[in-house]
Amino acid sequence: MNDAAQSYWKTFWKSEQPPTHVEAWQFGDDADYLAQLVIDGIKTATCSAHVLYEIEGEALPAVGDYSIILNSVDEPVAIIETTDVTVMPMNEVSEAFAAAEGEGDRTHTYWWTTHERFFTEELEKIGRTFSEDMLLVCERFRLVDVKDQ
C-alpha cells in the first residue's frame with residue numbers, strides 16, 4: 001500500500017479502531033472509469049481469475065474485508081467493504097452479477113465479451129489459456145467512503 005493510501009485509511013478510521021486487513025488496488029482494464037462507476041453507485045461487484053490468487057499465493061477476499069480503490073496513478077479515491085464472495089465457473093456467472101459489475105450496457109453479453117478478452121490477455125501473460133469454465137472469484141461490495149467528498 002502506498003503512502004497516499006495509508007494516509008487516507010488512517011484519516012478515514014481516525015475515530016475508531018481500524019480493521020487489521022485492508023488492501024489497496026486498481027480495477028483491471030480502465031482504473032479511472034471503473035473507480036468512477038463505484039463512486040457513482042453503479043459498480044457493486046467485481047471478479048478475478050481464481051488461478052491468479054493461487055499463483056501469487058494470495059488469500060481470497062472475504063466478507064468484511066476493506067479495500068482502498070486507487071485510480072490510474074495510484075491515488076486513493078474510495079473505500080469499499082466486501083459483502084459477498086463466491087467462487088464459480090465463468091460460464092455460470094449470472095446476468096444479475098454481470099449487471100452489478102456496472103460496465104458498458106450492463107448486459108451479460110457485454111460482460112462476457114469484455115471479460116473473455118481481458119482474461120485471455122492476462123492469462124497469456126503467465127502462460128495460461130482462457131477457458132469458459134475457468135474459476136472466477138466473484139465479489140460483491142458496498143461503497144463505504146469517497147475521498148474528499
# chains A, B, ... in the order shown; residues from 1 in each chain; ligands from 1

$ select_by_dssp --residues "chain A" --states "strand (DSSP E)" --output "count of residues only"
40

$ residues_around --residues "Tyr53 of chain A" --least-positions-apart "4" --cutoff "12 Å" --atoms "only C-alpha atoms" --output "number ranges by chain"
A: 47-49, 57-61, 87, 135-137

$ select_by_dssp --residues "chain A" --states "helix (DSSP H, G or I)" --output "PyMOL selection string"
chain A and resi 3-12+31-39+50-56+90-92+95-100+108-125

$ write_last_selection --atoms "C-alpha atoms" --output "JSON list (two decimals), in the first residue's frame"
[["chain", "number", "residue", "atom", "x", "y", "z"],
["A", 3, "ASP", "CA", 1.76, 6.37, 1.35],
["A", 4, "ALA", "CA", -1.30, 8.14, -0.06],
["A", 5, "ALA", "CA", -3.50, 5.07, 0.51],
["A", 6, "GLN", "CA", -2.14, 4.61, 4.05],
["A", 7, "SER", "CA", -2.81, 8.26, 4.87],
["A", 8, "TYR", "CA", -6.36, 8.04, 3.51],
["A", 9, "TRP", "CA", -7.01, 4.86, 5.51],
["A", 10, "LYS", "CA", -5.72, 6.40, 8.75],
["A", 11, "THR", "CA", -7.74, 9.58, 8.21],
["A", 12, "PHE", "CA", -10.92, 7.63, 7.48],
["A", 31, "ALA", "CA", -8.92, 2.01, -13.41],
["A", 32, "ASP", "CA", -10.36, 5.54, -13.60],
["A", 33, "TYR", "CA", -13.58, 4.55, -15.40],
["A", 34, "LEU", "CA", -14.23, 1.59, -13.11],
["A", 35, "ALA", "CA", -13.45, 3.55, -9.93],
["A", 36, "GLN", "CA", -15.89, 6.26, -11.05],
["A", 37, "LEU", "CA", -18.59, 3.61, -11.54],
["A", 38, "VAL", "CA", -18.04, 2.58, -7.91],
["A", 39, "ILE", "CA", -18.23, 6.19, -6.72],
["A", 50, "HIS", "CA", -9.01, -17.71, -9.26],
["A", 51, "VAL", "CA", -5.76, -19.01, -10.74],
["A", 52, "LEU", "CA", -4.09, -15.64, -10.15],
["A", 53, "TYR", "CA", -4.69, -15.93, -6.41],
["A", 54, "GLU", "CA", -3.15, -19.41, -6.50],
["A", 55, "ILE", "CA", -0.09, -18.33, -8.48],
["A", 56, "GLU", "CA", 0.53, -15.26, -6.32],
["A", 90, "MET", "CA", -17.14, -18.14, -15.57],
["A", 91, "ASN", "CA", -19.89, -19.76, -17.65],
["A", 92, "GLU", "CA", -22.14, -19.83, -14.56],
["A", 95, "GLU", "CA", -26.98, -11.84, -15.52],
["A", 96, "ALA", "CA", -27.54, -10.12, -12.17],
["A", 97, "PHE", "CA", -23.86, -10.36, -11.26],
["A", 98, "ALA", "CA", -22.82, -9.13, -14.72],
["A", 99, "ALA", "CA", -25.14, -6.13, -14.30],
["A", 100, "ALA", "CA", -23.73, -5.44, -10.82],
["A", 108, "HIS", "CA", -24.43, -10.35, -19.71],
["A", 109, "THR", "CA", -23.29, -10.28, -23.36],
["A", 110, "TYR", "CA", -21.22, -7.13, -22.81],
["A", 111, "TRP", "CA", -19.81, -8.54, -19.56],
["A", 112, "TRP", "CA", -18.86, -11.83, -21.23],
["A", 113, "THR", "CA", -17.17, -10.24, -24.24],
["A", 114, "THR", "CA", -15.19, -7.79, -22.12],
["A", 115, "HIS", "CA", -14.13, -10.37, -19.55],
["A", 116, "GLU", "CA", -13.25, -13.04, -22.09],
["A", 117, "ARG", "CA", -10.89, -10.58, -23.80],
["A", 118, "PHE", "CA", -9.41, -9.35, -20.51],
["A", 119, "PHE", "CA", -8.84, -12.82, -19.04],
["A", 120, "THR", "CA", -7.45, -14.16, -22.33],
["A", 121, "GLU", "CA", -4.84, -11.38, -22.38],
["A", 122, "GLU", "CA", -3.98, -11.66, -18.68],
["A", 123, "LEU", "CA", -3.68, -15.45, -18.74],
["A", 124, "GLU", "CA", -1.47, -15.39, -21.84],
["A", 125, "LYS", "CA", 0.99, -13.19, -19.90]]

$ residues_around --residues "Phe141 of chain A" --least-positions-apart "5" --cutoff "6 Å" --atoms "only C-alpha atoms" --output "number ranges by chain"
A: 44-45, 81-83

$ write_last_selection --atoms "C-alpha atoms" --output "CSV table (one decimal), in the first residue's frame"
chain,number,residue,atom,x,y,z
A,44,THR,CA,-21.1,-3.0,-6.8
A,45,ALA,CA,-19.3,-6.2,-7.9
A,81,GLU,CA,-16.2,-3.3,2.0
A,82,THR,CA,-16.7,-6.9,0.7
A,83,THR,CA,-20.2,-8.2,1.3

$ atom_distance --atom1 "atom CA of Val146 of chain A" --atom2 "atom CA of Pro76 of chain A"
9.0 Å

$ atom_distance --atom1 "atom CA of Arg142 of chain A" --atom2 "atom CA of Val93 of chain A"
19.4 Å

$ closest_residue --among "A:Ile126, A:Val22, A:Val144, A:Met88" --to "Asp65 of chain A" --atoms "only C-alpha atoms"
A:Val22

$ atom_distance --atom1 "atom CA of Cys138 of chain A" --atom2 "atom CA of Lys43 of chain A"
13.0 Å

$ closest_residue --among "A:Ala24, A:Asp30, A:Lys14, A:Asp148" --to "Leu70 of chain A" --atoms "only C-alpha atoms"
A:Ala24

$ closest_residue --among "A:Glu132, A:Glu75, A:Glu101, A:Asp29" --to "Pro89 of chain A" --atoms "only C-alpha atoms"
A:Glu132

$ residues_around --residues "Glu23 of chain A" --least-positions-apart "5" --cutoff "7 Å" --atoms "only C-alpha atoms" --output "ChimeraX atom specification"
/A:1,66-68
